[in-house]
>>> print(open('structure.txt').read())   # compact mmCIF, C-alpha atoms and all ligand atoms
# COMPACT_ATOMS: atom_id res chain seq x y z
CA MET A 79 -112.29 161.33 -118.03
CA LYS A 80 -114.88 158.78 -117.03
CA VAL A 81 -115.11 155.44 -118.81
CA LEU A 82 -117.59 152.57 -118.77
CA VAL A 83 -116.56 149.01 -119.56
CA ILE A 84 -119.34 146.60 -120.56
CA GLY A 85 -118.82 142.99 -119.43
CA GLY A 86 -117.60 141.11 -116.40
CA GLY A 87 -114.99 138.54 -117.41
CA GLY A 88 -111.22 138.28 -117.41
CA ARG A 89 -111.02 140.27 -120.63
CA GLU A 90 -112.96 143.14 -119.05
CA HIS A 91 -110.82 142.99 -115.90
CA ALA A 92 -107.75 143.39 -118.12
CA ILE A 93 -109.37 146.34 -119.94
CA VAL A 94 -110.29 148.00 -116.63
CA TRP A 95 -106.78 147.34 -115.26
CA LYS A 96 -105.26 148.97 -118.32
CA PHE A 97 -107.58 152.00 -118.21
CA ALA A 98 -106.75 152.44 -114.52
CA GLN A 99 -103.13 153.13 -115.56
CA SER A 100 -104.07 155.97 -117.87
CA PRO A 101 -103.24 159.39 -116.40
CA ARG A 102 -106.36 160.82 -118.07
CA VAL A 103 -108.82 158.35 -116.56
CA ASP A 104 -110.42 159.65 -113.35
CA LYS A 105 -113.16 157.11 -112.85
CA ILE A 106 -114.06 153.70 -114.25
CA TYR A 107 -117.47 152.05 -114.19
CA CYS A 108 -118.03 148.44 -115.16
CA CYS A 109 -121.31 146.68 -115.94
CA PRO A 110 -121.65 144.14 -114.41
CA GLY A 111 -117.97 143.66 -113.40
CA ASN A 112 -116.77 141.08 -110.86
CA ALA A 113 -114.99 140.92 -107.49
CA GLY A 114 -111.55 141.70 -108.94
CA ILE A 115 -112.84 144.54 -111.09
CA SER A 116 -114.48 146.14 -108.04
CA ASP A 117 -110.98 147.00 -106.70
CA LEU A 118 -110.49 149.36 -109.65
CA ALA A 119 -113.95 150.33 -110.85
CA GLU A 120 -117.45 150.98 -109.61
CA CYS A 121 -119.45 147.92 -110.62
CA VAL A 122 -122.94 148.88 -111.74
CA ASP A 123 -125.85 146.54 -111.51
CA LEU A 124 -127.63 147.42 -114.76
CA ASN A 125 -128.92 145.08 -117.43
CA MET A 126 -126.12 144.77 -119.99
CA ASN A 127 -128.72 144.24 -122.70
CA ASP A 128 -130.93 147.24 -121.88
CA TYR A 129 -129.17 149.76 -124.12
CA ASP A 130 -131.58 152.63 -123.43
CA GLY A 131 -131.00 152.10 -119.70
CA LEU A 132 -127.24 152.18 -120.27
CA VAL A 133 -127.54 155.33 -122.38
CA ASP A 134 -129.47 157.04 -119.55
CA PHE A 135 -126.80 155.97 -117.06
CA VAL A 136 -123.96 157.23 -119.26
CA LYS A 137 -125.68 160.59 -119.72
CA TYR A 138 -126.54 160.91 -116.03
CA GLU A 139 -122.96 160.14 -114.91
CA TRP A 140 -121.37 162.20 -117.70
CA ILE A 141 -119.33 159.21 -118.88
CA ASP A 142 -117.01 160.19 -121.73
CA LEU A 143 -116.33 156.83 -123.32
CA THR A 144 -117.79 153.30 -123.29
CA ILE A 145 -115.98 150.16 -124.43
CA VAL A 146 -117.73 146.84 -125.05
CA GLY A 147 -116.11 143.50 -124.14
CA PRO A 148 -118.48 140.70 -125.24
CA GLU A 149 -119.94 139.94 -128.67
CA ASP A 150 -123.56 139.68 -127.65
CA PRO A 151 -124.32 143.42 -127.15
CA LEU A 152 -122.26 144.27 -130.24
CA SER A 153 -124.21 141.88 -132.42
CA LYS A 154 -127.48 143.24 -131.04
CA GLY A 155 -126.58 146.84 -131.87
CA ILE A 156 -125.41 148.53 -128.64
CA VAL A 157 -123.05 150.69 -130.70
CA ASP A 158 -125.87 151.84 -133.01
CA VAL A 159 -127.94 152.95 -130.00
CA PHE A 160 -125.03 154.83 -128.37
CA GLU A 161 -124.05 156.54 -131.64
CA LYS A 162 -127.63 157.66 -132.21
CA ASN A 163 -127.36 159.37 -128.84
CA ASP A 164 -124.03 160.99 -129.78
CA LEU A 165 -122.17 158.98 -127.15
CA LYS A 166 -118.63 157.77 -127.70
CA ILE A 167 -118.36 153.98 -127.77
CA VAL A 168 -115.61 151.62 -128.93
CA GLY A 169 -116.82 148.65 -130.95
CA PRO A 170 -118.32 147.80 -134.33
CA ASN A 171 -121.99 148.51 -135.06
CA ARG A 172 -124.52 145.74 -135.60
CA LYS A 173 -123.89 145.43 -139.32
CA ALA A 174 -120.12 145.25 -138.87
CA ALA A 175 -120.45 142.77 -136.00
CA GLN A 176 -122.07 140.30 -138.43
CA LEU A 177 -118.53 139.16 -139.19
CA GLU A 178 -118.83 137.31 -135.88
CA SER A 179 -122.58 136.95 -135.40
CA SER A 180 -123.15 135.12 -138.70
CA LYS A 181 -120.70 132.49 -139.90
CA VAL A 182 -122.51 132.47 -143.25
CA PHE A 183 -122.02 136.23 -143.61
CA ALA A 184 -118.34 135.86 -142.66
CA LYS A 185 -117.69 133.01 -145.11
CA GLU A 186 -119.46 134.72 -148.00
CA PHE A 187 -117.62 137.94 -147.21
CA MET A 188 -114.25 136.14 -147.25
CA LYS A 189 -115.12 134.51 -150.55
CA ARG A 190 -116.05 137.89 -152.11
CA TYR A 191 -112.70 139.43 -151.15
CA GLY A 192 -110.44 136.43 -151.67
CA ILE A 193 -109.55 136.07 -147.98
CA PRO A 194 -108.04 132.60 -147.42
CA THR A 195 -110.37 130.31 -145.47
CA ALA A 196 -111.45 126.66 -145.48
CA GLU A 197 -113.66 125.48 -148.35
CA TYR A 198 -117.29 125.36 -147.30
CA ARG A 199 -120.96 124.99 -148.15
CA VAL A 200 -124.01 126.52 -146.46
CA PHE A 201 -127.15 124.47 -145.72
CA ASN A 202 -130.58 125.28 -144.39
CA SER A 203 -131.95 121.80 -145.01
CA TYR A 204 -130.94 119.00 -142.68
CA LEU A 205 -131.28 116.34 -145.39
CA HIS A 206 -128.99 118.12 -147.82
CA ALA A 207 -126.49 118.77 -145.05
CA GLU A 208 -126.45 115.10 -144.09
CA GLU A 209 -126.03 114.07 -147.71
CA TYR A 210 -123.08 116.45 -148.08
CA VAL A 211 -121.38 115.12 -144.94
CA ARG A 212 -121.73 111.54 -146.19
CA MET A 213 -120.26 112.54 -149.54
CA LYS A 214 -117.32 114.48 -148.06
CA GLY A 215 -116.45 112.11 -145.19
CA ALA A 216 -114.59 112.93 -141.98
CA PRO A 217 -112.86 114.81 -140.47
CA ILE A 218 -115.22 117.66 -141.21
CA VAL A 219 -116.26 120.82 -139.39
CA ILE A 220 -119.88 121.73 -138.60
CA LYS A 221 -120.69 125.32 -137.57
CA ALA A 222 -124.00 126.77 -136.44
CA ASP A 223 -124.51 130.05 -138.31
CA GLY A 224 -125.30 132.28 -135.32
CA LEU A 225 -123.76 132.98 -131.92
CA ALA A 226 -123.64 129.96 -129.65
CA ALA A 227 -121.35 131.11 -126.83
CA GLY A 228 -118.35 129.40 -128.41
CA LYS A 229 -120.10 126.01 -128.52
CA GLY A 230 -121.50 126.11 -132.05
CA VAL A 231 -118.44 124.61 -133.76
CA ILE A 232 -117.89 120.86 -133.90
CA VAL A 233 -114.72 119.45 -135.38
CA ALA A 234 -116.09 115.99 -136.17
CA LYS A 235 -113.64 113.10 -136.39
CA SER A 236 -116.22 110.70 -137.83
CA ILE A 237 -119.30 110.89 -140.04
CA ASP A 238 -121.44 109.78 -137.08
CA GLU A 239 -120.14 112.61 -134.95
CA ALA A 240 -120.82 115.11 -137.75
CA ILE A 241 -124.37 113.83 -138.25
CA ASP A 242 -124.98 113.90 -134.52
CA ALA A 243 -123.87 117.57 -134.51
CA LEU A 244 -126.15 118.37 -137.45
CA LYS A 245 -129.09 116.78 -135.64
CA LYS A 246 -128.43 118.74 -132.48
CA ILE A 247 -128.02 122.04 -134.31
CA MET A 248 -130.66 121.75 -137.06
CA LYS A 249 -133.31 119.43 -135.64
CA GLU A 250 -133.13 119.74 -131.86
CA ARG A 251 -132.18 123.40 -132.20
CA VAL A 252 -129.92 123.31 -129.13
CA PHE A 253 -128.64 126.76 -130.11
CA GLY A 254 -132.08 128.07 -131.09
CA GLU A 255 -132.21 130.33 -134.16
CA ALA A 256 -128.41 130.17 -134.45
CA GLY A 257 -128.94 126.72 -135.96
CA GLU A 258 -131.29 127.69 -138.76
CA ARG A 259 -128.37 127.41 -141.12
CA VAL A 260 -125.06 125.59 -140.86
CA VAL A 261 -121.69 126.02 -142.48
CA ILE A 262 -119.98 122.73 -143.26
CA GLU A 263 -116.32 123.17 -143.95
CA GLU A 264 -113.11 121.38 -144.69
CA CYS A 265 -111.03 120.51 -141.62
CA LEU A 266 -107.72 122.36 -141.69
CA GLU A 267 -104.64 121.06 -139.91
CA GLY A 268 -101.89 123.28 -138.65
CA GLU A 269 -101.18 125.56 -135.73
CA GLU A 270 -103.73 128.09 -134.50
CA ALA A 271 -102.99 131.71 -133.67
CA SER A 272 -105.00 134.79 -132.79
CA TYR A 273 -104.31 138.05 -134.56
CA LEU A 274 -106.02 141.22 -133.43
CA ILE A 275 -106.04 144.70 -134.88
CA PHE A 276 -107.34 148.08 -133.80
CA THR A 277 -109.08 149.90 -136.62
CA ASP A 278 -111.06 153.10 -137.12
CA GLY A 279 -112.49 151.80 -140.38
CA GLU A 280 -109.49 152.88 -142.42
CA THR A 281 -106.21 152.66 -140.53
CA ILE A 282 -105.14 149.27 -139.21
CA LEU A 283 -102.96 149.06 -136.11
CA PRO A 284 -101.97 145.44 -135.43
CA LEU A 285 -101.57 144.17 -131.88
CA ALA A 286 -98.90 141.66 -130.92
CA SER A 287 -99.63 138.04 -131.87
CA SER A 288 -101.11 135.64 -129.35
CA GLN A 289 -102.33 132.10 -128.99
CA ASP A 290 -105.28 130.63 -127.15
CA HIS A 291 -105.84 127.11 -125.76
CA LYS A 292 -109.46 126.21 -126.48
CA ARG A 293 -109.71 122.62 -125.25
CA VAL A 294 -110.32 121.97 -121.58
CA PHE A 295 -107.59 119.37 -120.96
CA ASP A 296 -103.85 119.09 -121.55
CA ASN A 297 -102.66 118.04 -125.02
CA ASP A 298 -105.75 119.70 -126.53
CA GLU A 299 -108.09 117.01 -125.32
CA GLY A 300 -111.69 117.28 -124.19
CA PRO A 301 -114.38 119.70 -125.32
CA ASN A 302 -113.87 123.30 -126.44
CA THR A 303 -114.09 126.03 -123.81
CA GLY A 304 -114.03 129.82 -123.92
CA GLY A 305 -110.24 129.50 -123.61
CA MET A 306 -108.09 127.92 -120.87
CA GLY A 307 -104.97 130.04 -121.31
CA ALA A 308 -103.08 132.20 -123.75
CA TYR A 309 -99.70 133.67 -124.41
CA SER A 310 -98.10 136.46 -126.39
CA PRO A 311 -96.15 136.69 -128.62
CA ALA A 312 -96.97 133.53 -130.60
CA PRO A 313 -93.78 132.22 -132.25
CA VAL A 314 -95.84 130.58 -135.04
CA VAL A 315 -96.61 134.10 -136.27
CA SER A 316 -93.22 134.92 -137.78
CA SER A 317 -92.71 138.28 -139.47
CA ASP A 318 -93.32 136.59 -142.82
CA ILE A 319 -96.66 135.14 -141.62
CA GLU A 320 -97.55 138.46 -140.04
CA GLU A 321 -97.08 140.22 -143.35
CA LYS A 322 -99.29 137.63 -145.05
CA ILE A 323 -101.98 138.11 -142.39
CA MET A 324 -101.95 141.85 -142.98
CA GLU A 325 -101.90 141.64 -146.79
CA LYS A 326 -104.23 138.68 -147.32
CA VAL A 327 -106.61 139.00 -144.39
CA MET A 328 -106.75 142.29 -142.53
CA LYS A 329 -106.33 144.84 -145.33
CA PRO A 330 -108.82 143.10 -147.67
CA ALA A 331 -111.27 142.73 -144.76
CA ILE A 332 -111.29 146.40 -143.79
CA LYS A 333 -111.32 147.50 -147.45
CA GLY A 334 -114.09 145.04 -148.29
CA LEU A 335 -116.23 146.20 -145.40
CA SER A 336 -115.70 149.79 -146.41
CA ARG A 337 -116.69 148.98 -150.00
CA GLU A 338 -119.93 147.53 -148.63
CA GLY A 339 -120.60 150.74 -146.75
CA ILE A 340 -119.62 149.28 -143.39
CA LYS A 341 -117.25 151.34 -141.27
CA TYR A 342 -115.66 148.89 -138.85
CA LYS A 343 -114.47 150.61 -135.67
CA GLY A 344 -112.95 148.73 -132.77
CA VAL A 345 -111.02 145.49 -132.48
CA LEU A 346 -111.12 142.90 -135.24
CA TYR A 347 -109.85 139.49 -134.22
CA ALA A 348 -108.96 136.78 -136.73
CA GLY A 349 -108.76 133.23 -135.42
CA LEU A 350 -106.26 131.66 -137.81
CA MET A 351 -104.90 128.28 -138.77
CA ILE A 352 -101.32 128.50 -140.01
CA LYS A 353 -100.86 125.70 -142.50
CA ASP A 354 -97.80 125.19 -144.69
CA GLY A 355 -96.69 128.76 -144.03
CA GLU A 356 -100.05 130.30 -145.02
CA PRO A 357 -102.72 131.83 -142.79
CA TYR A 358 -106.36 130.67 -143.15
CA VAL A 359 -109.20 132.38 -141.29
CA LEU A 360 -111.19 130.02 -139.05
CA GLU A 361 -113.35 132.80 -137.68
CA PHE A 362 -113.59 136.52 -137.18
CA ASN A 363 -114.49 137.96 -133.80
CA CYS A 364 -115.60 141.55 -133.51
CA ARG A 365 -113.98 142.21 -130.14
CA PHE A 366 -111.03 141.49 -127.90
CA GLY A 367 -110.38 137.77 -127.27
CA ASP A 368 -110.71 136.20 -123.86
CA PRO A 369 -108.15 135.16 -122.54
CA GLU A 370 -105.83 136.61 -125.24
CA THR A 371 -106.52 140.14 -123.98
CA GLN A 372 -104.93 139.34 -120.63
CA PRO A 373 -101.42 138.65 -122.01
CA LEU A 374 -101.84 141.30 -124.72
CA LEU A 375 -102.78 144.18 -122.42
CA THR A 376 -100.12 143.29 -119.84
CA ARG A 377 -97.58 143.69 -122.65
CA LEU A 378 -99.07 146.84 -124.15
CA LYS A 379 -97.23 150.00 -123.06
CA SER A 380 -99.40 152.50 -124.93
CA ASP A 381 -102.37 154.15 -123.24
CA LEU A 382 -105.60 152.28 -124.01
CA LEU A 383 -107.66 155.43 -123.47
CA GLU A 384 -105.71 157.32 -126.16
CA ILE A 385 -106.09 154.39 -128.56
CA SER A 386 -109.81 154.11 -127.83
CA LEU A 387 -110.41 157.81 -128.42
CA ALA A 388 -108.42 157.67 -131.66
CA ILE A 389 -110.61 154.79 -132.88
CA VAL A 390 -113.84 156.61 -132.09
CA GLU A 391 -112.60 159.91 -133.54
CA GLU A 392 -111.11 158.19 -136.61
CA ARG A 393 -107.56 159.43 -136.15
CA LEU A 394 -105.77 156.14 -135.64
CA SER A 395 -103.33 156.96 -138.46
CA ARG A 396 -101.50 159.25 -136.06
CA MET A 397 -101.01 156.53 -133.44
CA THR A 398 -98.39 153.83 -132.95
CA LEU A 399 -98.37 151.04 -130.39
CA GLN A 400 -95.55 150.46 -127.93
CA TRP A 401 -94.99 147.04 -126.39
CA ARG A 402 -93.04 145.76 -123.43
CA PRO A 403 -90.32 143.40 -124.70
CA GLU A 404 -91.28 140.68 -122.21
CA ALA A 405 -93.49 137.72 -123.05
CA SER A 406 -96.74 137.14 -121.20
CA VAL A 407 -98.59 133.95 -120.27
CA CYS A 408 -102.10 133.59 -118.81
CA VAL A 409 -103.30 130.37 -117.16
CA VAL A 410 -107.04 130.11 -116.50
CA ALA A 411 -108.42 128.37 -113.40
CA ALA A 412 -111.88 126.94 -113.92
CA SER A 413 -114.64 125.50 -111.73
CA GLY A 414 -114.92 121.72 -111.36
CA GLY A 415 -117.08 120.39 -114.22
CA TYR A 416 -116.51 123.35 -116.58
CA PRO A 417 -117.26 123.53 -119.56
CA GLY A 418 -120.18 121.35 -118.41
CA LYS A 419 -122.19 121.91 -115.24
CA TYR A 420 -120.33 123.37 -112.27
CA GLU A 421 -120.98 124.54 -108.72
CA LYS A 422 -120.71 128.17 -107.63
CA GLY A 423 -119.95 129.82 -104.30
CA ARG A 424 -116.61 128.12 -103.57
CA VAL A 425 -114.29 130.28 -101.43
CA ILE A 426 -111.09 131.32 -103.22
CA THR A 427 -107.88 131.53 -101.16
CA GLY A 428 -104.34 132.67 -101.92
CA LEU A 429 -105.21 135.83 -103.84
CA GLU A 430 -103.52 138.16 -101.32
CA GLU A 431 -100.25 136.23 -101.56
CA VAL A 432 -100.22 136.44 -105.36
CA LYS A 433 -100.99 140.17 -105.23
CA LYS A 434 -97.52 140.71 -103.73
CA MET A 435 -95.75 139.06 -106.68
CA GLU A 436 -94.13 141.40 -109.17
CA ASP A 437 -95.38 141.38 -112.77
CA VAL A 438 -98.08 138.86 -111.95
CA VAL A 439 -101.74 139.89 -112.20
CA VAL A 440 -104.80 137.82 -111.36
CA PHE A 441 -107.58 138.81 -113.71
CA HIS A 442 -110.92 137.73 -112.27
CA ALA A 443 -113.65 136.24 -114.47
CA GLY A 444 -116.33 134.35 -112.50
CA THR A 445 -115.87 135.78 -109.01
CA THR A 446 -118.10 137.68 -106.58
CA TYR A 447 -118.21 138.71 -102.93
CA GLN A 448 -120.24 136.62 -100.50
CA ASP A 449 -120.18 137.39 -96.76
CA GLY A 450 -117.03 139.43 -97.26
CA LYS A 451 -115.20 136.60 -99.01
CA ILE A 452 -114.34 136.20 -102.69
CA VAL A 453 -116.14 133.15 -104.09
CA THR A 454 -116.54 131.51 -107.49
CA SER A 455 -119.52 132.53 -109.63
CA GLY A 456 -118.72 131.24 -113.11
CA GLY A 457 -117.08 128.50 -115.19
CA ARG A 458 -113.85 130.32 -115.88
CA VAL A 459 -113.02 131.76 -112.47
CA LEU A 460 -109.78 133.68 -112.93
CA GLY A 461 -106.64 133.88 -115.06
CA VAL A 462 -103.17 134.28 -113.63
CA THR A 463 -101.09 136.35 -116.03
CA ALA A 464 -97.33 136.76 -115.67
CA LEU A 465 -94.67 138.61 -117.61
CA GLY A 466 -91.21 137.10 -118.04
CA VAL A 467 -88.04 137.60 -120.04
CA ASP A 468 -89.29 134.95 -122.47
CA ILE A 469 -92.29 132.63 -122.74
CA LYS A 470 -90.68 129.96 -120.59
CA ASP A 471 -89.94 132.42 -117.82
CA ALA A 472 -93.44 133.92 -118.02
CA ARG A 473 -94.98 130.46 -117.95
CA ASP A 474 -92.91 129.38 -114.91
CA ARG A 475 -93.94 132.55 -113.10
CA ALA A 476 -97.63 132.11 -113.95
CA TYR A 477 -97.63 128.49 -112.73
CA ASN A 478 -95.68 129.42 -109.62
CA ALA A 479 -98.41 131.96 -108.82
CA ILE A 480 -101.44 129.83 -109.67
CA GLU A 481 -100.20 127.10 -107.33
CA LYS A 482 -100.80 129.48 -104.42
CA ILE A 483 -104.48 129.89 -105.33
CA HIS A 484 -107.11 127.40 -104.30
CA PHE A 485 -110.82 126.71 -104.43
CA GLU A 486 -112.72 123.44 -104.26
CA GLY A 487 -112.90 121.77 -107.67
CA MET A 488 -110.34 124.14 -109.24
CA HIS A 489 -108.69 122.84 -112.38
CA TYR A 490 -106.32 124.34 -114.91
CA ARG A 491 -104.23 123.14 -117.82
CA LYS A 492 -100.61 122.33 -117.03
CA ASP A 493 -99.37 122.74 -120.60
CA ILE A 494 -100.17 126.36 -121.46
CA ALA A 495 -97.47 127.69 -123.84
CA ARG A 496 -95.65 124.34 -123.92
CA ARG A 497 -95.83 124.20 -127.71
CA ALA A 498 -94.27 127.65 -128.00
CA ILE A 499 -91.39 126.64 -125.76
CA GLU A 500 -90.77 123.36 -127.63
CA ARG A 501 -90.62 125.04 -131.03
P1 LIG B 1 -114.38 129.01 -134.46
O1 LIG B 1 -115.39 129.43 -133.42
O2 LIG B 1 -114.86 129.05 -135.85
O3 LIG B 1 -113.02 129.62 -134.24
O4 LIG B 1 -114.07 127.50 -134.10
C1 LIG B 1 -113.66 127.09 -132.81
C2 LIG B 1 -112.49 126.17 -132.93
O5 LIG B 1 -112.81 125.08 -133.78
C3 LIG B 1 -111.25 126.82 -133.58
O6 LIG B 1 -110.49 127.53 -132.68
C4 LIG B 1 -110.55 125.59 -134.11
O7 LIG B 1 -109.85 124.95 -133.07
C5 LIG B 1 -111.67 124.72 -134.56
N1 LIG B 1 -111.98 124.91 -135.99
C6 LIG B 1 -112.85 125.79 -136.55
N2 LIG B 1 -112.85 125.69 -137.88
C7 LIG B 1 -111.96 124.73 -138.21
C8 LIG B 1 -111.50 124.15 -139.44
N3 LIG B 1 -111.99 124.54 -140.62
N4 LIG B 1 -110.55 123.21 -139.37
C9 LIG B 1 -110.06 122.79 -138.18
N5 LIG B 1 -110.45 123.27 -137.00
C10 LIG B 1 -111.39 124.24 -136.98
N1 LIG B 2 -110.41 133.14 -126.93
C1 LIG B 2 -111.39 133.01 -127.93
C2 LIG B 2 -112.38 134.06 -127.99
O1 LIG B 2 -112.28 135.07 -127.33
O2 LIG B 2 -113.33 133.91 -128.74
>>> encode(input="structure.txt", output="structure tokens")
Amino acid sequence: MKVLVIGGGGREHAIVWKFAQSPRVDKIYCCPGNAGISDLAECVDLNMNDYDGLVDFVKYEWIDLTIVGPEDPLSKGIVDVFEKNDLKIVGPNRKAAQLESSKVFAKEFMKRYGIPTAEYRVFNSYLHAEEYVRMKGAPIVIKADGLAAGKGVIVAKSIDEAIDALKKIMKERVFGEAGERVVIEECLEGEEASYLIFTDGETILPLASSQDHKRVFDNDEGPNTGGMGAYSPAPVVSSDIEEKIMEKVMKPAIKGLSREGIKYKGVLYAGLMIKDGEPYVLEFNCRFGDPETQPLLTRLKSDLLEISLAIVEERLSRMTLQWRPEASVCVVAASGGYPGKYEKGRVITGLEEVKKMEDVVVFHAGTTYQDGKIVTSGGRVLGVTALGVDIKDARDRAYNAIEKIHFEGMHYRKDIARRAIER
């Protein structure tokens, strides 16, 4: 079979890497891909947002299945276009993807189905929003309604910070239309976890638990990023919590969507805060997480192609997932300055040495070839993912490997998975 992966980050490298292990996959294409992905797939230089162009390509190459990594094409309806053309594609359609593309939609949806989440109000007037912030006080969380590349959420520690965020989002429109409305919500304290499921719109197949590290610096300091590292399993998600996530979040979500005539097919990701033994949804994402996918797919034994086909063909009820017993840890190396401005084109060394290490995989994110050398081309450059007998072992192995890699300005967190080990 031939498959096409849409995207070019670490998550997509992990998806390509996993597909490459499937005995039924003959050829993988990736649009746009990156330097690491090009070892396993043919990278195609097509516009990721020109869905008709992609449809033509898929038909011309006789590609059997497409899977979408990032949220942007999903929220703009890539799945709707492919399905209209009778092409198999893994991911929710535009309506279903609103769970991620509109925070207002997601909050109202959770309220309708009693899914636990922080208390909130929606505003489309700056003055009323400011008034509400002054009345509620800090800490308080301000969220732009639409997609803002992970930057639209501000956990404000003071009223001034909250008002500054409101001004930027609603008046200066730094996120454009995404800031037409804001959600202002109660700040929850606890431990975060990511919980992902596969679903064909009816059956729910949970993945192993995982945890991301969103802040750029150690001890969760500095601004939010796309994610600086992740590990799986997440000890905070005990079997008791897992049952609560399934009963209070995932089952009502899939049932609620179905009641509203929305068949959700693909991966549904709940970003959770675990507080006093209860899960609260901070956000839904309509896709695999990045970097959570890297530790998750290195642990997954089952064939991703079989799972993907079962999702598309709505026969997930006959599938089960098998996992490797080891733990997995991913440490992300970023360009100097990320998540702010950063330079590109820095030569990366040490990759060949790490390739020889057992159960260690370097998933590329922002990398490309320049004059025959692999150079940086993005903020998050790569993620070193290692398996180990437990989280501590996996973490030691990941850090041991990342120390062999170098590029000018490279920085990475030194405390990935520390909390899990100290528990
Ligand atoms: P989101 O994109 O909604 O997941 O928000 C990004 C990050 O902001 C989350 O991973 C949390 O760290 C933080 N966050 C979001 N909502 C809240 C909340 N209600 N209370 C505390 N932190 C939050
Ligand atoms: N790791 C967070 C995300 O994928 O949105």
>>> residues_near_ligand(input="structure.txt", ligand="ligand LIG 1 (chain B)", cutoff="6 Å", atoms="all atoms listed in the file", output="list in words")
Ala196, Val219, Gly228, Val231, Val233, Glu263, Glu264, Cys265, Leu266, Glu267, Gly349, Leu360 and Glu361 of chain A
>>> atom_distance(input="structure.txt", atom1="atom CA of A:Gln176", atom2="atom O1 of ligand LIG 2 (chain B)")
15.7 Å
>>> residues_around(input="structure.txt", residues="A:Tyr342", least_positions_apart="4", cutoff="9 Å", atoms="all atoms listed in the file", output="CSV table (one decimal) with C-alpha atoms, keeping the file's coordinate frame")
chain,number,residue,atom,x,y,z
A,169,GLY,CA,-116.8,148.6,-131.0
A,170,PRO,CA,-118.3,147.8,-134.3
A,171,ASN,CA,-122.0,148.5,-135.1
A,173,LYS,CA,-123.9,145.4,-139.3
A,174,ALA,CA,-120.1,145.2,-138.9
A,175,ALA,CA,-120.4,142.8,-136.0
A,277,THR,CA,-109.1,149.9,-136.6
A,278,ASP,CA,-111.1,153.1,-137.1
A,279,GLY,CA,-112.5,151.8,-140.4
A,280,GLU,CA,-109.5,152.9,-142.4
A,332,ILE,CA,-111.3,146.4,-143.8
A,335,LEU,CA,-116.2,146.2,-145.4
A,336,SER,CA,-115.7,149.8,-146.4
A,346,LEU,CA,-111.1,142.9,-135.2
>>> axis_aligned_box(input="structure.txt", around="ligand LIG 2 (chain B)", padding_each_side="8 Å", output="lines of an AutoDock Vina configuration file")
center_x = -111.9
center_y = 134.0
center_z = -127.8
size_x = 18.9
size_y = 18.1
size_z = 17.8
>>> residues_near_ligand(input="structure.txt", ligand="ligand LIG 2 (chain B)", cutoff="8 Å", atoms="all atoms listed in the file", output="list in words")
Gly228, Asp290, His291, Lys292, Gly304, Gly305, Gly349, Asn363, Arg365, Phe366, Gly367, Asp368, Pro369 and Glu370 of chain A
>>> residues_near_point(input="structure.txt", point="(-131.8, 127.4, -133.1)", cutoff="12 Å", atoms="only C-alpha atoms", output="JSON, numbers by chain")
{"A": [202, 222, 223, 224, 225, 226, 230, 244, 245, 246, 247, 248, 249, 250, 251, 252, 253, 254, 255, 256, 257, 258, 259, 260]}
